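Participant: So here's run.cif, just mmCIF, C-alpha atoms:
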```
data_final
loop_
_atom_site.label_atom_id
_atom_site.label_comp_id
_atom_site.auth_asym_id
_atom_site.auth_seq_id
_atom_site.Cartn_x
_atom_site.Cartn_y
_atom_site.Cartn_z
CA MET A 8 41.58 125.02 -10.29
CA SER A 9 41.85 124.33 -6.56
CA ALA A 10 44.44 122.11 -4.84
CA PRO A 11 43.96 118.33 -5.33
CA ARG A 12 41.55 116.86 -2.83
CA THR A 13 43.15 114.60 -0.20
CA PRO A 14 41.58 111.54 1.46
CA ARG A 15 41.38 113.71 4.55
CA ASP A 16 39.10 116.18 2.80
CA GLU A 17 36.90 113.39 1.56
CA LEU A 18 36.58 112.01 5.10
CA ALA A 19 35.97 115.38 6.69
CA GLU A 20 33.20 116.17 4.25
CA ALA A 21 31.82 112.63 4.50
CA THR A 22 31.71 112.25 0.73
CA ALA A 23 31.22 109.01 -1.16
CA HIS A 24 34.97 108.79 -1.52
CA GLY A 25 35.48 109.20 2.21
CA GLY A 26 32.91 106.51 2.85
CA LEU A 27 34.87 104.22 0.55
CA TYR A 28 38.10 104.76 2.46
CA LEU A 29 36.34 104.10 5.75
CA ARG A 30 34.51 101.06 4.48
CA ARG A 31 37.73 99.58 3.18
CA LEU A 32 39.37 99.99 6.61
CA ILE A 33 36.39 98.38 8.35
CA ARG A 34 36.39 95.50 5.84
CA ARG A 35 40.07 94.86 6.33
CA GLN A 36 39.70 94.88 10.12
CA LEU A 37 36.77 92.49 9.90
CA GLY A 38 38.72 90.23 7.54
CA LEU A 39 41.61 90.18 9.99
CA SER A 40 39.27 89.28 12.86
CA LEU A 41 37.68 86.46 10.87
CA LEU A 42 41.05 85.13 9.76
CA THR A 43 42.27 85.11 13.37
CA LEU A 44 39.12 83.36 14.51
CA VAL A 45 39.36 80.66 11.85
CA ALA A 46 43.05 80.07 12.52
CA PHE A 47 42.57 79.88 16.27
CA GLY A 48 39.44 77.76 15.99
CA GLY A 49 41.26 75.40 13.66
CA PHE A 50 44.12 75.05 16.08
CA LEU A 51 41.93 74.57 19.14
CA GLY A 52 39.53 72.22 17.36
CA SER A 53 42.39 70.10 16.05
CA LEU A 54 43.35 69.10 19.60
CA PRO A 55 40.22 67.11 20.54
CA LEU A 56 39.93 65.94 16.95
CA ALA A 57 43.44 64.51 17.08
CA LEU A 58 42.64 62.74 20.35
CA TYR A 59 39.43 61.40 18.83
CA LEU A 60 40.96 60.18 15.57
CA LEU A 61 44.08 58.75 17.20
CA PRO A 62 42.80 56.92 20.28
CA GLY A 63 46.29 55.60 20.89
CA LEU A 64 47.25 59.04 22.17
CA GLN A 65 44.89 58.55 25.12
CA ASP A 66 47.30 56.13 26.76
CA VAL A 67 50.51 58.02 26.09
CA ASP A 68 52.14 59.44 29.20
CA VAL A 69 54.61 62.31 29.09
CA LEU A 70 56.66 62.60 32.29
CA GLY A 71 54.00 60.59 34.07
CA VAL A 72 51.18 62.88 32.97
CA PRO A 73 48.58 61.61 30.48
CA LEU A 74 48.89 63.28 27.10
CA PRO A 75 45.18 64.25 26.82
CA LEU A 76 45.61 66.24 30.02
CA LEU A 77 48.74 67.95 28.74
CA ALA A 78 46.97 68.76 25.48
CA ILE A 79 44.37 70.74 27.42
CA VAL A 80 46.68 72.52 29.81
CA VAL A 81 49.95 73.26 28.00
CA PRO A 82 49.57 74.30 24.33
CA PRO A 83 46.31 76.30 24.21
CA PHE A 84 47.20 79.13 26.55
CA PRO A 85 50.51 80.32 25.03
CA VAL A 86 49.00 79.94 21.56
CA PHE A 87 46.00 81.89 22.75
CA VAL A 88 48.27 84.75 23.86
CA ALA A 89 50.21 84.53 20.60
CA PHE A 90 47.05 84.83 18.50
CA GLY A 91 45.87 87.81 20.55
CA TRP A 92 49.25 89.52 20.20
CA LEU A 93 49.46 88.88 16.45
CA TYR A 94 45.94 90.17 15.98
CA ALA A 95 46.55 93.36 17.96
CA HIS A 96 49.83 93.93 16.14
CA ARG A 97 48.25 93.50 12.72
CA ALA A 98 45.19 95.62 13.57
CA GLU A 99 47.43 98.45 14.70
CA ALA A 100 49.40 98.16 11.47
CA LEU A 101 46.17 98.51 9.48
CA GLU A 102 45.25 101.61 11.48
CA HIS A 103 48.70 103.00 10.88
CA GLU A 104 48.36 102.46 7.12
CA PHE A 105 45.06 104.27 7.20
CA ARG A 106 46.59 107.15 9.12
CA GLU A 107 49.42 107.38 6.57
CA LEU A 108 46.84 107.59 3.84
CA VAL A 109 44.85 110.29 5.59
CA GLU A 110 47.72 112.30 6.99
CA PRO A 111 50.68 111.68 4.70
CA ASP A 112 52.73 114.55 6.11
CA ALA A 113 52.26 113.64 9.79
CA MET B 3 34.90 81.80 63.13
CA ILE B 4 38.02 82.21 61.00
CA ALA B 5 35.87 81.69 57.93
CA LEU B 6 33.47 84.41 59.05
CA VAL B 7 36.34 86.83 59.69
CA ALA B 8 37.78 86.03 56.25
CA ILE B 9 34.43 86.58 54.55
CA LEU B 10 33.89 89.87 56.37
CA GLY B 11 37.44 90.96 55.57
CA VAL B 12 37.11 90.25 51.84
CA THR B 13 33.69 91.88 51.70
CA GLY B 14 34.99 94.92 53.57
CA ALA B 15 37.99 95.24 51.26
CA THR B 16 35.72 94.93 48.23
CA ILE B 17 33.39 97.65 49.42
CA GLY B 18 36.37 99.79 50.46
CA LEU B 19 37.93 99.59 47.00
CA GLY B 20 34.55 100.34 45.44
CA VAL B 21 34.16 103.43 47.63
CA TYR B 22 37.70 104.47 46.70
CA GLY B 23 36.61 104.20 43.06
CA VAL B 24 33.62 106.48 43.74
CA ARG B 25 35.88 109.40 44.52
CA LEU B 26 37.56 108.99 41.14
CA ALA B 27 34.46 108.45 39.01
CA ARG B 28 33.35 111.84 37.72
CA THR B 29 32.64 111.57 34.02
CA THR B 30 30.89 109.12 31.70
CA SER B 31 34.29 108.01 30.52
CA ASP B 32 35.29 107.29 34.14
CA LEU B 33 32.19 105.23 34.74
CA PHE B 34 32.34 103.04 31.62
CA VAL B 35 36.00 102.73 30.70
CA ALA B 36 37.86 104.25 33.68
CA SER B 37 38.89 107.04 31.29
CA ARG B 38 40.91 104.42 29.38
CA ALA B 39 43.58 104.88 32.01
CA VAL B 40 43.78 101.26 33.21
CA THR B 41 47.17 99.77 32.39
CA PRO B 42 47.34 96.37 30.66
CA TRP B 43 48.60 94.59 33.78
CA TRP B 44 45.80 95.93 35.96
CA ASN B 45 43.35 95.04 33.24
CA ALA B 46 44.79 91.54 32.87
CA ALA B 47 44.51 91.00 36.62
CA ALA B 48 40.93 92.29 36.61
CA ILE B 49 39.86 90.07 33.70
CA SER B 50 41.57 87.08 35.26
CA GLY B 51 39.73 87.85 38.48
CA GLU B 52 36.55 87.62 36.46
CA TYR B 53 37.70 84.31 35.02
CA LEU B 54 38.33 82.82 38.47
CA SER B 55 34.70 83.10 39.45
CA ALA B 56 32.58 80.87 41.63
CA ALA B 57 31.45 79.06 38.51
CA SER B 58 34.91 78.32 37.18
CA PHE B 59 36.55 77.64 40.53
CA LEU B 60 33.84 75.59 42.26
CA GLY B 61 31.91 74.53 39.17
CA ILE B 62 34.84 73.17 37.20
CA ALA B 63 36.16 71.35 40.24
CA GLY B 64 32.74 69.76 40.67
CA LEU B 65 32.43 68.86 37.00
CA GLN B 66 35.91 67.37 37.15
CA MET B 67 34.80 65.16 40.00
CA LYS B 68 31.71 64.16 38.09
CA ILE B 69 32.87 63.56 34.53
CA GLY B 70 36.66 63.44 34.79
CA SER B 71 39.41 65.40 33.11
CA GLY B 72 37.27 66.06 30.04
CA ALA B 73 35.68 68.85 32.09
CA LEU B 74 38.88 70.83 31.62
CA TRP B 75 37.82 71.61 28.06
CA LEU B 76 35.12 73.86 29.47
CA PRO B 77 37.45 76.49 31.01
CA LEU B 78 39.42 76.34 27.78
CA GLY B 79 36.22 77.36 26.05
CA PHE B 80 35.83 80.32 28.42
CA THR B 81 39.34 81.42 27.51
CA ALA B 82 38.73 81.05 23.79
CA GLY B 83 35.70 83.25 24.34
CA TYR B 84 38.00 86.04 25.45
CA LEU B 85 39.71 85.95 22.06
CA ALA B 86 36.35 86.19 20.30
CA LEU B 87 35.56 89.10 22.62
CA LEU B 88 38.78 90.82 21.59
CA LEU B 89 38.20 90.22 17.87
CA PHE B 90 34.56 91.16 17.58
CA VAL B 91 33.66 93.33 20.57
CA ALA B 92 36.58 94.99 22.35
CA ALA B 93 38.63 96.06 19.33
CA PRO B 94 35.71 97.41 17.21
CA LEU B 95 34.24 99.18 20.23
CA ARG B 96 37.53 100.84 21.02
CA ARG B 97 38.11 101.87 17.40
CA PHE B 98 34.61 103.25 17.22
CA GLY B 99 34.94 105.12 20.50
CA ALA B 100 31.74 103.62 21.89
CA TYR B 101 31.34 102.83 25.59
CA THR B 102 28.84 100.00 25.48
CA ILE B 103 27.71 97.41 22.96
CA SER B 104 24.29 99.06 22.79
CA ASP B 105 25.91 102.43 22.00
CA PHE B 106 27.92 100.79 19.28
CA ALA B 107 24.97 98.94 17.79
CA GLU B 108 22.84 102.07 17.68
CA ALA B 109 25.53 104.31 16.22
CA ARG B 110 26.76 101.79 13.68
CA LEU B 111 23.41 100.54 12.44
CA ARG B 112 21.42 103.73 13.12
CA SER B 113 18.53 101.97 14.77
CA THR B 114 17.13 102.30 18.26
CA ARG B 115 15.47 98.92 17.86
CA VAL B 116 18.87 97.29 17.39
CA ARG B 117 20.02 99.11 20.49
CA ALA B 118 17.18 97.64 22.52
CA LEU B 119 17.83 94.20 21.05
CA SER B 120 21.53 94.27 21.84
CA ALA B 121 20.82 95.51 25.37
CA GLY B 122 18.41 92.60 25.77
CA VAL B 123 21.02 90.12 24.56
CA VAL B 124 23.62 91.54 26.93
CA LEU B 125 21.21 91.28 29.86
CA LEU B 126 20.26 87.74 28.90
CA ILE B 127 23.88 86.60 28.76
CA GLY B 128 24.66 88.46 31.97
CA GLY B 129 21.68 86.81 33.64
CA PHE B 130 22.82 83.34 32.68
CA TYR B 131 26.32 84.21 33.84
CA LEU B 132 24.98 85.31 37.23
CA VAL B 133 23.02 82.12 37.92
CA PRO B 134 26.01 79.89 38.75
CA GLN B 135 27.81 82.78 40.50
CA LEU B 136 24.94 83.47 42.87
CA LYS B 137 24.32 79.75 43.35
CA GLY B 138 27.98 79.40 44.33
CA ALA B 139 27.70 82.36 46.69
CA GLY B 140 24.62 80.97 48.42
CA LEU B 141 26.04 77.46 48.73
CA THR B 142 29.44 78.61 49.95
CA LEU B 143 28.15 80.99 52.59
CA GLY B 144 25.65 78.39 53.75
CA GLU B 145 28.35 75.74 53.93
CA VAL B 146 30.78 77.95 55.85
CA THR B 147 28.49 79.81 58.26
CA GLY B 148 25.28 77.81 58.23
CA ALA B 149 23.36 80.81 56.91
CA PRO B 150 20.28 80.14 54.79
CA TYR B 151 20.84 79.89 51.05
CA TRP B 152 19.30 83.23 50.17
CA VAL B 153 21.61 85.19 52.50
CA GLY B 154 24.67 84.55 50.35
CA VAL B 155 22.77 85.34 47.17
CA VAL B 156 21.43 88.63 48.51
CA ALA B 157 24.72 89.65 50.16
CA VAL B 158 26.85 89.06 47.06
CA GLY B 159 24.25 90.65 44.79
CA ALA B 160 24.04 93.72 47.03
CA VAL B 161 27.80 94.20 47.35
CA VAL B 162 28.43 93.86 43.62
CA ALA B 163 25.49 96.07 42.66
CA LEU B 164 26.65 98.73 45.12
CA ASN B 165 30.19 98.66 43.76
CA VAL B 166 29.18 98.86 40.11
CA ALA B 167 26.61 101.57 40.67
CA LEU B 168 28.96 103.75 42.71
CA GLY B 169 32.44 103.04 41.51
CA GLY B 170 31.94 102.31 37.84
CA MET B 171 34.63 100.66 35.79
CA ARG B 172 37.51 102.05 37.80
CA GLY B 173 36.23 100.72 41.11
CA ILE B 174 35.35 97.38 39.53
CA THR B 175 38.81 97.09 37.97
CA TYR B 176 40.52 97.59 41.32
CA VAL B 177 38.13 95.19 43.05
CA GLN B 178 38.61 92.49 40.41
CA ALA B 179 42.39 92.88 40.39
CA PHE B 180 42.48 92.61 44.18
CA GLN B 181 40.25 89.55 44.10
CA TYR B 182 42.36 87.97 41.37
CA TRP B 183 45.48 87.97 43.54
CA LEU B 184 43.48 86.83 46.55
CA LYS B 185 41.87 83.96 44.64
CA THR B 186 45.12 82.91 42.99
CA PHE B 187 46.70 82.74 46.43
CA ALA B 188 43.71 80.88 47.88
CA ILE B 189 43.83 78.29 45.10
CA ALA B 190 47.59 77.90 44.91
CA VAL B 191 48.31 77.42 48.61
CA PRO B 192 46.06 74.37 49.18
CA ALA B 193 47.23 72.87 45.89
CA CYS B 194 50.88 73.20 46.87
CA LEU B 195 50.22 71.87 50.38
CA LEU B 196 48.31 68.89 48.97
CA LEU B 197 51.17 68.09 46.61
CA LEU B 198 53.65 68.34 49.46
CA HIS B 199 51.65 66.07 51.72
CA LEU B 200 50.32 63.53 49.28
CA GLY B 201 53.47 62.77 47.34
CA GLY B 202 55.38 63.59 44.24
CA LEU B 203 54.05 65.48 41.31
CA PRO B 204 54.26 62.80 38.58
CA GLU B 205 52.30 60.21 40.54
CA ARG B 206 49.57 62.64 41.58
CA ALA B 207 49.28 64.14 38.14
CA ALA B 208 49.12 60.72 36.53
CA MET B 209 46.23 59.76 38.81
CA PHE B 210 44.45 62.91 37.78
CA GLY B 211 43.71 61.75 34.27
CA HIS B 212 42.38 58.32 35.13
CA ASP B 213 38.97 57.32 36.33
CA TYR B 214 39.80 55.67 39.60
CA PRO B 215 42.79 55.28 41.84
CA ARG B 216 44.20 51.80 41.17
CA ALA B 217 44.84 49.30 43.91
CA PRO B 218 48.39 47.96 44.19
CA ALA B 219 49.27 44.88 42.16
CA GLY B 220 48.60 42.41 44.99
CA GLY B 221 45.12 43.77 45.57
CA LEU B 222 43.87 46.14 48.20
CA ALA B 223 43.44 44.56 51.61
CA VAL B 224 40.72 45.99 53.79
CA THR B 225 40.61 44.71 57.33
CA LEU B 226 37.60 45.20 59.53
CA ASP B 227 38.26 44.44 63.17
CA GLU B 228 34.65 44.02 64.16
CA PRO B 229 31.65 42.51 62.45
CA VAL B 230 30.01 45.19 60.36
CA ASP B 231 26.45 45.13 59.11
CA ALA B 232 26.29 46.17 55.54
CA THR B 233 23.30 46.09 53.25
CA PHE B 234 23.44 47.10 49.63
CA PRO B 235 19.94 47.84 48.40
CA GLU B 236 21.27 48.51 44.91
CA ALA B 237 23.63 45.65 44.59
CA ALA B 238 23.87 46.13 40.86
CA ALA B 239 25.99 49.21 41.43
CA VAL B 240 28.21 47.68 44.08
CA ARG B 241 31.45 46.08 43.09
CA VAL B 242 33.28 43.73 45.38
CA ASP B 243 36.40 41.99 44.20
CA GLY B 244 38.17 39.88 46.69
CA ARG B 245 39.48 36.53 47.64
CA VAL B 246 38.36 36.27 51.22
CA VAL B 247 35.04 37.49 52.43
CA ARG B 248 34.19 37.00 56.02
CA VAL B 249 30.49 37.06 56.42
CA GLY B 250 29.18 37.23 59.92
CA ARG B 251 25.54 38.16 59.43
CA GLU B 252 22.86 37.61 56.92
CA GLN B 253 23.07 41.26 55.82
CA GLY B 254 26.75 41.01 55.19
CA CYS B 255 26.38 40.08 51.57
CA SER B 256 27.44 42.36 48.86
CA CYS B 257 25.19 40.76 46.32
CA ARG B 258 21.68 40.22 47.58
CA PRO B 259 19.47 37.85 45.67
CA GLY B 260 16.64 40.32 45.31
CA ALA B 261 18.74 42.98 43.76
CA SER B 262 20.59 40.93 41.25
CA SER B 263 18.13 39.98 38.61
CA SER B 264 19.87 38.55 35.63
CA ARG B 265 19.09 38.81 32.00
CA ARG B 266 21.01 35.70 31.32
CA GLY B 267 23.18 33.47 33.44
CA ARG B 268 22.23 32.19 36.77
CA ARG B 269 20.61 33.89 39.65
CA CYS B 270 22.02 34.18 43.06
CA ARG B 271 21.08 30.74 44.19
CA SER B 272 21.60 30.43 47.86
CA ARG B 273 19.20 31.98 50.29
CA ARG B 274 20.75 30.33 53.27
CA ALA B 275 22.52 32.47 55.80
CA PRO B 276 26.18 31.76 55.42
CA THR B 277 28.20 30.20 58.15
CA PRO B 278 29.63 32.70 60.55
CA SER B 279 33.15 31.44 60.07
CA ALA B 280 35.49 32.62 57.41
CA VAL B 281 34.57 31.25 54.06
CA ARG B 282 37.08 31.06 51.33
CA THR B 283 35.63 31.05 47.91
CA GLY B 284 36.90 31.71 44.51
CA PRO B 285 35.35 34.62 42.72
CA ARG B 286 32.22 33.56 40.93
CA ARG B 287 30.05 35.13 38.34
CA CYS B 288 27.44 37.21 39.97
CA PRO B 289 25.06 38.39 37.29
CA THR B 290 24.18 41.92 38.25
CA ARG B 291 21.67 43.90 36.32
CA ALA B 292 23.87 46.06 34.21
CA THR B 293 27.45 45.29 34.78
CA ARG B 294 27.83 41.57 35.43
CA ARG B 295 30.86 42.30 37.49
CA ARG B 296 32.67 39.73 39.49
CA CYS B 297 31.55 39.17 42.98
CA SER B 298 32.97 36.72 45.44
CA SER B 299 30.31 36.76 48.06
CA THR B 300 29.24 33.47 49.46
CA ARG B 301 25.64 34.30 48.70
CA CYS B 302 26.07 34.23 44.99
#
```
As structure tokens, how would this structure be written, given the file I've shared?

Facilitator:
Amino acid sequence: MSAPRTPRDELAEATAHGGLYLRRLIRRQLGLSLLTLVAFGGFLGSLPLALYLLPGLQDVDVLGVPLPLLAIVVPPFPVFVAFGWLYAHRAEALEHEFRELVEPDA
Amino acid sequence: MIALVAILGVTGATIGLGVYGVRLARTTSDLFVASRAVTPWWNAAAISGEYLSAASFLGIAGLQMKIGSGALWLPLGFTAGYLALLLFVAAPLRRFGAYTISDFAEARLRSTRVRALSAGVVLLIGGFYLVPQLKGAGLTLGEVTGAPYWVGVVAVGAVVALNVALGGMRGITYVQAFQYWLKTFAIAVPACLLLLHLGGLPERAAMFGHDYPRAPAGGLAVTLDEPVDATFPEAAAVRVDGRVVRVGREQGCSCRPGASSSRRGRRCRSRRAPTPSAVRTGPRRCPTRATRRRCSSTRC
């Protein structure tokens, strides 16, 4: 009886098991990308939708600047950076988990 | 003259940076991804330099003039596109270790036909991206130096093609980062000077979102020292609000009978030339074709 086979062996020999590990990683990364896209799209789409459904907002001025203008310029860009950062952070965590699985002693 | 020197200087610096990149580009990895040695800040500057292109800088300003502040949603869309790029192109490509989208498509899906298809899509998108850039280049160079339209198109196309072919990703990154700081400076300085000269920030910014500058509460007074001939062949699109109209000639009417056909209401009745003296009239209905705006001309 040989030593128990590790995920690393399965990957190196490109077995069905190895393919499963890899496919699961790819699926999880894709799921993360789609989740980020839907969340960001929902946020960005809600801005014009809010202005459309609440026409009263068109005439609101904040510090002398019309609110519709502020809605375009101020919130999207920091939120955009935040989504990118969260995504990168989470994707790296998924890669790290995979590495732990493959190389538990490293 | 200054403009020509500036154009030559920027072009020279661009080619210089590209040539500098040539000396560093040795391997495939150098050419496509600069050996993955570009730091995030350099990369951010380079991508932002891409973002501040002729299309976004000149095109968005023009669209803003044409359709108002709603045009600002367009650059927001560009930016959102970068997130999609990160999620579905940059990150998978990097994880896969592929250099180009075509490489990735072929290796992942094991099909040369998919490779050709993805290369075609990339070229198509790139082609559409280039159209406004080259249009901007031709128009700008023509406007500044009087050169024919095609000169700018050919010059910009040649410089960029030379840089990419020789310097690869490393040269392009340096060029884009350099141009980003240059363009940021070139956009920020006139904006700051305009704000300084034209008044405070809240007033200017408030004007920005509205359709037209508003006249002061008492109405805007325009004084013409001499008689001025003015004909308005498309009177339907001309708007004159006023209390006193001094009409010195027959042409001096803002609402000519021929041009103001009415669907309902009355026509411009008088065809007499008005008296040359000042005529004070109250504003009357002047049924213009589309707008039926108020017009206080004596001819109406």

Participant: Applied to the shown file, which residues does the PyMOL selection byres ((chain A) within 9 of (chain B)) return, written as a count of residues only?

Facilitator: 30

Participant: With a distance cut-off of 6 Å and all atoms listed in the file, select the neighbouring residues of Ala139 of chain B, excluding the residue or stretch itself and same-chain residues fewer than 3 positions from it, and output the selection as a PyMOL selection string.

Facilitator: chain B and resi 136+142+154-155

Participant: With distances taken over all atoms listed in the file, which of B:Tyr22, B:Phe106, B:Tyr101, B:Phe80 is nearest to Ser50 of chain B?

Facilitator: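 Closest candidate: B:Phe80.
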
Participant: So which residues fall inside 8 Å of (30.3, 76.6, 34.7) if we count only C-alpha atoms? Mind giving them as a short mmCIF file (atom, residue, chain, number, x, y, z; two decimals) with C-alpha atoms, keeping the file's coordinate frame?

Facilitator:
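The result, stored in point39.cif:
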```cif
data_model
loop_
_atom_site.label_atom_id
_atom_site.label_comp_id
_atom_site.auth_asym_id
_atom_site.auth_seq_id
_atom_site.Cartn_x
_atom_site.Cartn_y
_atom_site.Cartn_z
CA ALA B 57 31.45 79.06 38.51
CA SER B 58 34.91 78.32 37.18
CA GLY B 61 31.91 74.53 39.17
CA ILE B 62 34.84 73.17 37.20
CA LEU B 76 35.12 73.86 29.47
CA PRO B 134 26.01 79.89 38.75
#
```

Participant: Extract, using all atoms listed in the file, all DNA, RNA and protein residues at most 9 Å from Val177 of chain B, discarding same-chain residues fewer than 6 positions from it, and format them as a PyMOL selection string.

Facilitator: chain B and resi 15-20+48+51+165

Participant: At what distance in Å, to one decimal, does atom CA of Val69 of chain A lie from atom CA of Ala63 of chain B?

Facilitator: 23.4 Å

Participant: To one decimal in Å, tell me the separation between atom CA of Leu184 of chain B and atom CA of Ala8 of chain B.

Facilitator: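 That distance, rounded to one decimal, is 11.3 Å.
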